[in-house]
$ cat coords.csv   # CSV, C-alpha atoms
chain,number,residue,atom,x,y,z
A,27,MET,CA,233.3,147.8,236.8
A,28,HIS,CA,230.6,147.8,234.2
A,29,ARG,CA,229.4,151.3,233.4
A,30,GLY,CA,226.6,150.4,231.0
A,31,PRO,CA,226.1,151.9,227.6
A,32,SER,CA,227.3,155.4,226.9
A,33,PRO,CA,224.8,158.3,226.7
A,34,ILE,CA,225.3,158.5,222.9
A,35,ARG,CA,224.6,154.8,222.5
A,36,ARG,CA,221.5,155.1,224.7
A,37,SER,CA,220.3,158.1,222.6
A,38,VAL,CA,220.8,156.1,219.4
A,39,GLN,CA,218.8,153.2,220.9
A,40,ALA,CA,216.0,155.5,222.1
A,41,ALA,CA,215.8,157.2,218.7
A,42,SER,CA,215.7,153.7,217.0
A,43,VAL,CA,212.8,152.7,219.2
A,44,LEU,CA,211.0,155.9,218.4
A,45,ALA,CA,211.6,155.6,214.7
A,46,LEU,CA,210.4,152.0,214.8
A,47,ALA,CA,207.3,153.0,216.6
A,48,ALA,CA,206.6,155.8,214.1
A,49,VAL,CA,207.0,153.4,211.2
A,50,ALA,CA,205.0,150.6,212.8
A,51,SER,CA,202.1,152.8,214.1
A,52,PRO,CA,200.3,153.1,210.7
A,53,ALA,CA,200.2,149.3,210.6
A,54,ALA,CA,198.8,149.2,214.1
A,55,VAL,CA,196.1,151.8,213.3
A,56,ALA,CA,195.3,149.9,210.1
A,57,CYS,CA,193.8,147.0,212.2
A,58,PRO,CA,193.3,144.3,209.5
A,59,TYR,CA,190.4,142.9,211.5
A,60,CYS,CA,188.6,146.3,211.3
A,61,ASP,CA,188.6,146.1,207.6
A,62,SER,CA,186.8,142.8,207.7
A,63,ASP,CA,183.0,142.5,207.2
A,64,VAL,CA,182.5,141.7,210.9
A,65,GLY,CA,184.7,144.7,211.9
A,66,GLN,CA,182.7,147.0,209.7
A,67,GLN,CA,179.4,145.7,211.1
A,68,VAL,CA,180.8,146.2,214.6
A,69,TRP,CA,181.8,149.8,213.8
A,70,ALA,CA,178.3,150.4,212.3
A,71,GLY,CA,176.7,148.8,215.3
A,72,ILE,CA,178.5,151.2,217.7
A,73,PHE,CA,178.9,154.5,215.9
A,74,ASN,CA,175.4,155.1,214.6
A,75,GLU,CA,172.5,157.3,215.4
A,76,ASP,CA,171.9,155.3,218.7
A,77,PHE,CA,175.4,156.0,219.9
A,78,TRP,CA,174.5,158.7,222.4
A,79,LEU,CA,171.4,156.8,223.5
A,80,ASN,CA,173.4,153.7,224.2
A,81,GLY,CA,175.9,155.8,226.0
A,82,LEU,CA,173.2,157.3,228.1
A,83,LEU,CA,171.7,153.8,228.9
A,84,THR,CA,175.1,152.6,229.9
A,85,THR,CA,176.0,155.5,232.2
A,86,LEU,CA,172.5,156.4,233.6
A,87,PRO,CA,173.0,154.6,237.0
A,88,ILE,CA,176.3,156.5,237.6
A,89,PRO,CA,174.8,160.0,238.4
A,90,VAL,CA,172.2,158.4,240.6
A,91,MET,CA,174.8,156.6,242.6
A,92,ALA,CA,176.9,159.8,242.8
A,93,LEU,CA,173.9,161.7,244.0
A,94,ILE,CA,173.4,159.1,246.9
A,95,VAL,CA,177.1,159.5,247.9
A,96,GLY,CA,176.6,163.3,247.7
A,97,VAL,CA,173.7,163.1,250.1
A,98,ILE,CA,175.8,160.9,252.5
A,99,HIS,CA,178.6,163.4,252.3
A,100,PHE,CA,176.8,166.7,252.4
A,101,GLY,CA,173.5,165.7,253.9
A,102,LEU,CA,170.1,166.5,252.5
A,103,PRO,CA,169.7,170.1,251.1
A,104,TRP,CA,166.8,170.9,253.4
A,105,GLN,CA,168.7,169.8,256.5
A,106,ALA,CA,170.0,173.2,257.5
A,107,ASP,CA,171.0,172.2,261.0
A,108,ARG,CA,174.0,170.1,260.0
A,109,THR,CA,177.5,170.7,261.2
A,110,SER,CA,179.6,170.9,258.1
A,111,PRO,CA,183.2,171.3,259.2
A,112,ARG,CA,185.4,172.6,256.5
A,113,SER,CA,188.7,171.8,258.2
A,114,LYS,CA,191.9,172.1,256.4
A,115,GLU,CA,194.4,169.2,256.4
A,116,GLY,CA,196.4,169.1,259.6
A,117,GLN,CA,194.3,171.7,261.4
A,118,ALA,CA,193.6,171.1,265.0
A,119,PRO,CA,190.1,170.0,265.9
A,120,LYS,CA,189.4,173.0,268.1
A,121,GLN,CA,190.0,175.3,265.2
A,122,VAL,CA,187.7,173.3,263.0
A,123,TYR,CA,184.4,174.3,264.5
A,124,PRO,CA,183.4,177.9,264.6
A,125,GLU,CA,180.3,177.3,266.8
A,126,PRO,CA,181.4,176.7,270.3
A,127,GLU,CA,178.0,175.7,271.6
A,128,ARG,CA,178.2,172.6,269.4
A,129,VAL,CA,181.5,171.7,270.8
A,130,SER,CA,180.7,171.9,274.5
A,131,PRO,CA,177.2,170.6,275.4
A,132,VAL,CA,177.5,171.7,279.0
A,133,PRO,CA,175.8,175.1,279.5
A,134,GLU,CA,177.9,177.8,281.2
B,3,MET,CA,185.1,166.6,273.7
B,4,ASN,CA,186.0,166.9,270.1
B,5,HIS,CA,183.4,166.6,267.5
B,6,ARG,CA,184.0,163.5,265.4
B,7,ASP,CA,182.6,163.4,261.8
B,8,ARG,CA,182.3,160.0,260.3
B,9,ARG,CA,180.6,161.2,257.1
B,10,PRO,CA,183.8,161.7,255.0
B,11,LEU,CA,184.9,158.2,255.8
B,12,ILE,CA,181.4,156.8,255.0
B,13,SER,CA,181.0,158.7,251.8
B,14,SER,CA,184.5,157.9,250.4
B,15,ALA,CA,184.2,154.2,251.3
B,16,THR,CA,180.7,154.1,249.9
B,17,MET,CA,182.0,155.5,246.6
B,18,ILE,CA,184.8,152.9,246.5
B,19,GLY,CA,182.2,150.2,247.3
B,20,ILE,CA,180.1,151.3,244.4
B,21,GLY,CA,183.0,151.2,242.1
B,22,MET,CA,184.2,147.8,243.3
B,23,GLY,CA,180.6,146.5,243.2
B,24,GLY,CA,180.6,147.5,239.5
B,25,PHE,CA,183.8,145.6,239.0
B,26,VAL,CA,182.3,142.5,240.6
B,27,ASP,CA,179.4,142.8,238.2
B,28,GLY,CA,181.6,143.5,235.2
B,29,ILE,CA,184.3,140.9,235.9
B,30,LEU,CA,182.2,138.1,237.3
B,31,PHE,CA,178.9,138.4,235.4
B,32,HIS,CA,180.1,140.0,232.1
B,33,GLN,CA,183.4,138.3,231.6
B,34,LEU,CA,184.0,135.2,233.8
B,35,MET,CA,180.5,133.7,233.8
B,36,GLN,CA,179.3,135.6,230.7
B,37,LEU,CA,175.7,135.7,231.9
B,38,HIS,CA,175.0,139.1,230.3
B,39,ASN,CA,176.7,142.1,228.8
B,40,MET,CA,175.9,145.8,229.0
B,41,LEU,CA,173.4,145.9,226.1
B,42,SER,CA,172.8,142.2,225.7
B,43,ALA,CA,169.1,142.6,225.6
B,44,LYS,CA,169.5,145.0,222.6
B,45,PHE,CA,172.4,143.0,221.0
B,46,PRO,CA,171.7,139.4,222.1
B,47,VAL,CA,174.7,137.1,222.6
B,48,SER,CA,172.9,134.0,223.6
B,49,GLY,CA,169.9,131.9,222.3
B,50,ALA,CA,169.1,131.5,218.7
B,51,VAL,CA,171.6,134.0,217.2
B,52,GLU,CA,173.5,133.3,214.0
B,53,PRO,CA,177.3,132.9,214.5
B,54,SER,CA,178.1,136.0,212.4
B,55,THR,CA,175.6,138.1,214.2
B,56,LEU,CA,176.8,136.7,217.5
B,57,ALA,CA,180.4,137.8,216.8
B,58,VAL,CA,179.2,141.3,215.9
B,59,ASN,CA,177.0,141.6,219.0
B,60,LEU,CA,179.7,140.3,221.2
B,61,GLU,CA,182.1,143.0,219.9
B,62,ILE,CA,179.5,145.7,220.3
B,63,ASN,CA,178.8,144.6,223.9
B,64,ILE,CA,182.6,144.5,224.6
B,65,PHE,CA,182.7,148.2,223.7
B,66,TRP,CA,179.9,149.2,226.0
B,67,ASP,CA,181.2,146.9,228.8
B,68,GLY,CA,184.5,148.8,228.4
B,69,LEU,CA,182.6,152.1,228.9
B,70,PHE,CA,180.9,150.7,232.0
B,71,HIS,CA,184.3,149.6,233.4
B,72,VAL,CA,185.6,153.1,232.7
B,73,PHE,CA,183.0,154.6,234.9
B,74,CYS,CA,183.6,152.0,237.6
B,75,TRP,CA,187.2,152.9,237.6
B,76,ILE,CA,186.3,156.6,237.8
B,77,MET,CA,184.1,156.0,240.8
B,78,THR,CA,186.8,154.0,242.5
B,79,ALA,CA,189.4,156.6,241.9
B,80,PHE,CA,187.2,159.4,243.0
B,81,GLY,CA,186.4,157.4,246.2
B,82,LEU,CA,190.1,156.9,246.8
B,83,GLY,CA,190.6,160.7,246.5
B,84,LEU,CA,187.8,161.3,249.0
B,85,LEU,CA,189.3,158.7,251.3
B,86,TRP,CA,192.7,160.4,251.1
B,87,HIS,CA,191.2,163.7,252.2
B,88,ALA,CA,189.2,162.0,254.9
B,89,VAL,CA,192.2,160.2,256.6
B,90,ARG,CA,194.1,163.5,256.7
B,91,ARG,CA,191.4,165.2,258.7
B,92,PRO,CA,191.9,165.3,262.4
B,93,ASP,CA,188.2,164.9,263.2
B,94,VAL,CA,187.5,161.8,261.1
B,95,PRO,CA,187.7,158.6,263.1
B,96,LEU,CA,189.4,155.8,261.2
B,97,SER,CA,187.2,153.0,262.2
B,98,THR,CA,187.6,149.7,260.4
B,99,ARG,CA,184.0,148.7,261.1
B,100,THR,CA,182.7,151.9,259.6
B,101,PHE,CA,185.0,151.5,256.6
B,102,ILE,CA,184.0,147.9,255.9
B,103,GLY,CA,180.3,148.8,256.5
B,104,SER,CA,180.5,151.7,254.0
B,105,LEU,CA,182.2,149.5,251.4
B,106,THR,CA,179.4,147.0,251.9
B,107,LEU,CA,176.8,149.8,251.7
B,108,GLY,CA,178.3,151.0,248.4
B,109,TRP,CA,178.2,147.5,246.9
B,110,GLY,CA,174.6,147.2,247.9
B,111,ILE,CA,173.7,150.7,246.5
B,112,PHE,CA,175.3,149.6,243.2
B,113,ASN,CA,173.2,146.4,243.0
B,114,LEU,CA,170.0,148.3,243.9
B,115,VAL,CA,170.5,151.3,241.6
B,116,GLU,CA,171.9,149.3,238.7
B,117,GLY,CA,169.3,146.6,239.1
B,118,VAL,CA,166.3,148.9,239.2
B,119,ILE,CA,167.5,151.1,236.3
B,120,ASP,CA,169.2,148.7,234.0
B,121,HIS,CA,167.2,145.5,234.6
B,122,HIS,CA,163.7,146.7,235.4
B,123,ILE,CA,163.2,150.2,234.0
B,124,LEU,CA,165.5,150.4,230.9
B,125,GLN,CA,165.8,146.6,230.5
B,126,VAL,CA,169.1,147.0,228.6
B,127,HIS,CA,170.1,143.6,230.1
B,128,HIS,CA,169.1,141.1,232.7
B,129,VAL,CA,171.3,139.2,235.1
B,130,VAL,CA,170.7,136.0,233.2
B,131,GLU,CA,169.4,136.4,229.6
B,132,THR,CA,166.7,133.7,229.8
B,133,PRO,CA,162.9,133.9,229.6
B,134,ASN,CA,162.6,133.6,233.3
B,135,HIS,CA,165.1,136.4,234.0
B,136,LEU,CA,162.8,138.0,236.6
B,137,VAL,CA,163.9,135.5,239.3
B,138,TRP,CA,167.5,136.3,238.8
B,139,ASP,CA,166.9,140.1,238.6
B,140,LEU,CA,165.0,140.0,241.9
B,141,THR,CA,167.7,137.9,243.4
B,142,PHE,CA,170.2,140.5,242.4
B,143,LEU,CA,168.0,143.2,244.0
B,144,GLY,CA,167.6,141.1,247.1
B,145,ALA,CA,171.4,140.8,247.4
B,146,GLY,CA,171.7,144.5,247.0
B,147,LEU,CA,169.1,145.1,249.8
B,148,LEU,CA,170.9,142.7,252.1
B,149,LEU,CA,174.3,144.4,251.5
B,150,VAL,CA,172.7,147.8,252.2
B,151,LEU,CA,171.2,146.5,255.4
B,152,LEU,CA,174.4,144.8,256.5
B,153,GLY,CA,176.5,147.9,255.6
B,154,GLY,CA,174.1,150.2,257.3
B,155,TRP,CA,174.0,148.1,260.4
B,156,LEU,CA,177.8,147.9,260.6
B,157,ILE,CA,178.0,151.7,260.3
B,158,TRP,CA,175.2,152.4,262.7
B,159,SER,CA,176.4,150.0,265.4
B,160,ASP,CA,179.9,151.2,265.3
B,161,SER,CA,180.6,152.7,268.7
B,162,SER,CA,184.4,152.3,268.7
B,163,GLU,CA,186.6,155.2,269.6
B,164,ALA,CA,188.9,154.9,266.7
B,165,PRO,CA,191.7,157.5,266.5
B,166,ALA,CA,191.5,160.1,263.8
B,167,GLY,CA,194.0,160.3,261.0
B,168,PRO,CA,196.6,162.8,262.2
B,169,ALA,CA,196.5,161.5,265.7
B,170,ARG,CA,198.1,158.3,264.4
B,171,ARG,CA,201.1,160.1,263.0
B,172,SER,CA,201.6,162.9,265.5
B,173,PRO,CA,205.2,163.8,266.0
B,174,GLY,CA,206.8,162.4,269.2
B,175,VAL,CA,204.7,159.3,269.3
B,176,SER,CA,206.9,156.4,268.5
B,177,SER,CA,205.4,153.6,266.5
$ encode --input "coords.csv" --output "structure tokens"
Amino acid sequence: MHRGPSPIRRSVQAASVLALAAVASPAAVACPYCDSDVGQQVWAGIFNEDFWLNGLLTTLPIPVMALIVGVIHFGLPWQADRTSPRSKEGQAPKQVYPEPERVSPVPE
Amino acid sequence: MNHRDRRPLISSATMIGIGMGGFVDGILFHQLMQLHNMLSAKFPVSGAVEPSTLAVNLEINIFWDGLFHVFCWIMTAFGLGLLWHAVRRPDVPLSTRTFIGSLTLGWGIFNLVEGVIDHHILQVHHVVETPNHLVWDLTFLGAGLLLVLLGGWLIWSDSSEAPAGPARRSPGVSS
């Protein structure tokens, strides 16, 4: 029956991989392309004084969409007469609603 | 009669629809068809652009496209989180019609909001970067409006009595 490599051997292998990654990482970070003229122009075109403005332009629709979903989920702020059940997971429906007049529409 | 609250299902699926609508835009229009990029009006990648400038502008747009996809991913993940909470609530009916309608609604909301803000107000890009881009931009808005109407109709017309989440997995009920 094949038992696979011993724990010591696996540790050596893992250490070798980590050592190789540690040695190789500076080469990866170096990014030869980034040192090229084009790479430097790209860097200058992204990380400049317009960076935050461009970021804002890119992400501006997101809060608007999130606001719309919030209105769907919670309702409009001026709509005070909304049932907003805050049930916990697994709770029975009867325990969810504290206002019994909403649960049973038939007057007693 | 138990009160049934569809809002958590609608809001979560709408959020997922927004995220997936963003992915449709990013994958289909930005990458596969390459009609525009996030800031392609500011850093043009078509028309009379020198090859060296084109390469730089493409790389810059790839960065901002990546940020756009990050936020699409976040919206989708947040929607999945909301959906997970919704399906575990006993008062939320798990209606397929409402779910599909909400996904459609979300996609339409994405097209409308992104179209109005990015294409018309900020003009950071257009659907097709050509001189007659208005036609394509309005078509994009029209598609968004149609999706919102279709999704809204699917949700509004849903009268099914779909079982709520925990009812489907109550102990003692064999499946």
$ atom_distance --input "coords.csv" --atom1 "CA of Leu37 (chain B)" --atom2 "CA of Cys74 (chain B)"
19.0 Å
$ closest_residue --input "coords.csv" --among "B:Leu107, B:Leu140, B:Met35, B:Ile119" --to "chain A" --atoms "only C-alpha atoms"
B:Ile119
$ residues_around --input "coords.csv" --residues "Met17 (chain B)" --least-positions-apart "6" --cutoff "8 Å" --atoms "only C-alpha atoms" --output "PDB file with C-alpha atoms, in the frame of the given file"
ATOM      1  CA  ALA A  92     176.900 159.800 242.800  1.00  0.00           C
ATOM      2  CA  VAL A  95     177.100 159.500 247.900  1.00  0.00           C
TER       3      VAL A  95
ATOM      4  CA  MET B  77     184.100 156.000 240.800  1.00  0.00           C
ATOM      5  CA  THR B  78     186.800 154.000 242.500  1.00  0.00           C
ATOM      6  CA  PHE B  80     187.200 159.400 243.000  1.00  0.00           C
ATOM      7  CA  GLY B  81     186.400 157.400 246.200  1.00  0.00           C
ATOM      8  CA  LEU B 105     182.200 149.500 251.400  1.00  0.00           C
ATOM      9  CA  GLY B 108     178.300 151.000 248.400  1.00  0.00           C
TER      10      GLY B 108
END
$ residues_around --input "coords.csv" --residues "Ile64 (chain B)" --least-positions-apart "5" --cutoff "9 Å" --atoms "all atoms listed in the file" --output "compact mmCIF listing (two decimals) with C-alpha atoms, keeping the file's coordinate frame"
# COMPACT_ATOMS: atom_id res chain seq x y z
CA ASN B 39 176.70 142.10 228.80
CA MET B 40 175.90 145.80 229.00
CA ASN B 59 177.00 141.60 219.00
CA LEU B 69 182.60 152.10 228.90
$ closest_residue --input "coords.csv" --among "A:Ser37, A:Ser32, A:Ser42, A:Gln67" --to "chain B" --atoms "all atoms listed in the file"
A:Gln67
$ closest_atom_pairs --input "coords.csv" --of "chain B" --to "chain A" --cutoff "7 Å" --atoms "all atoms listed in the file" --output "Markdown table"
| residue | atom | partner | partner_atom | distance |
| --- | --- | --- | --- | --- |
| B:Met3 | CA | A:Val129 | CA | 6.9 |
| B:Asn4 | CA | A:Val129 | CA | 6.6 |
| B:His5 | CA | A:Val129 | CA | 6.4 |
| B:Arg9 | CA | A:His99 | CA | 5.6 |
| B:Pro10 | CA | A:His99 | CA | 6.1 |
| B:Ser13 | CA | A:His99 | CA | 5.3 |
| B:Thr16 | CA | A:Val95 | CA | 6.8 |
| B:Met17 | CA | A:Val95 | CA | 6.5 |
| B:Met40 | CA | A:Thr84 | CA | 6.9 |
| B:Val58 | CA | A:Val68 | CA | 5.3 |
| B:Glu61 | CA | A:Val68 | CA | 6.3 |
| B:Ile62 | CA | A:Val68 | CA | 5.9 |
| B:Phe70 | CA | A:Thr84 | CA | 6.5 |
| B:Arg90 | CA | A:Glu115 | CA | 5.7 |
| B:Arg91 | CA | A:Glu115 | CA | 5.5 |
| B:Pro92 | CA | A:Pro119 | CA | 6.1 |
| B:Asp93 | CA | A:Pro119 | CA | 6.1 |
| B:Val115 | CA | A:Pro87 | CA | 6.2 |
| B:Glu116 | CA | A:Pro87 | CA | 5.7 |
| B:Ile119 | CA | A:Pro87 | CA | 6.6 |
| B:Pro168 | CA | A:Gly116 | CA | 6.8 |
$ write_last_selection --input "coords.csv" --atoms "C-alpha atoms" --output "JSON list (two decimals), keeping the file's coordinate frame"
[["chain", "number", "residue", "atom", "x", "y", "z"],
["B", 3, "MET", "CA", 185.10, 166.60, 273.70],
["B", 4, "ASN", "CA", 186.00, 166.90, 270.10],
["B", 5, "HIS", "CA", 183.40, 166.60, 267.50],
["B", 9, "ARG", "CA", 180.60, 161.20, 257.10],
["B", 10, "PRO", "CA", 183.80, 161.70, 255.00],
["B", 13, "SER", "CA", 181.00, 158.70, 251.80],
["B", 16, "THR", "CA", 180.70, 154.10, 249.90],
["B", 17, "MET", "CA", 182.00, 155.50, 246.60],
["B", 40, "MET", "CA", 175.90, 145.80, 229.00],
["B", 58, "VAL", "CA", 179.20, 141.30, 215.90],
["B", 61, "GLU", "CA", 182.10, 143.00, 219.90],
["B", 62, "ILE", "CA", 179.50, 145.70, 220.30],
["B", 70, "PHE", "CA", 180.90, 150.70, 232.00],
["B", 90, "ARG", "CA", 194.10, 163.50, 256.70],
["B", 91, "ARG", "CA", 191.40, 165.20, 258.70],
["B", 92, "PRO", "CA", 191.90, 165.30, 262.40],
["B", 93, "ASP", "CA", 188.20, 164.90, 263.20],
["B", 115, "VAL", "CA", 170.50, 151.30, 241.60],
["B", 116, "GLU", "CA", 171.90, 149.30, 238.70],
["B", 119, "ILE", "CA", 167.50, 151.10, 236.30],
["B", 168, "PRO", "CA", 196.60, 162.80, 262.20]]
$ atom_distance --input "coords.csv" --atom1 "CA of Trp86 (chain B)" --atom2 "CA of Arg8 (chain B)"
13.9 Å
$ atom_distance --input "coords.csv" --atom1 "CA of Asp67 (chain B)" --atom2 "CA of Asn74 (chain A)"
17.4 Å
$ closest_residue --input "coords.csv" --among "B:Thr106, B:Thr132, B:Gln125, B:Ser161" --to "Lys44 (chain B)" --atoms "all atoms listed in the file"
B:Gln125
$ closest_residue --input "coords.csv" --among "B:Trp66, B:Ser162, B:His127, B:Phe142" --to "Trp78 (chain A)" --atoms "only C-alpha atoms"
B:Trp66
$ closest_residue --input "coords.csv" --among "B:Gly154, B:Arg99, B:Ile111, B:Leu60" --to "Leu93 (chain A)" --atoms "only C-alpha atoms"
B:Ile111
$ closest_residue --input "coords.csv" --among "B:Val51, B:Met22, B:Leu114, B:Ala164" --to "Val150 (chain B)" --atoms "all atoms listed in the file"
B:Leu114
$ axis_aligned_box --input "coords.csv" --around "region 113-124 of chain B" --padding-each-side "5 Å" --output "lines of an AutoDock Vina configuration file"
center_x = 168.2
center_y = 148.4
center_z = 237.4
size_x = 20.0
size_y = 15.8
size_z = 23.0
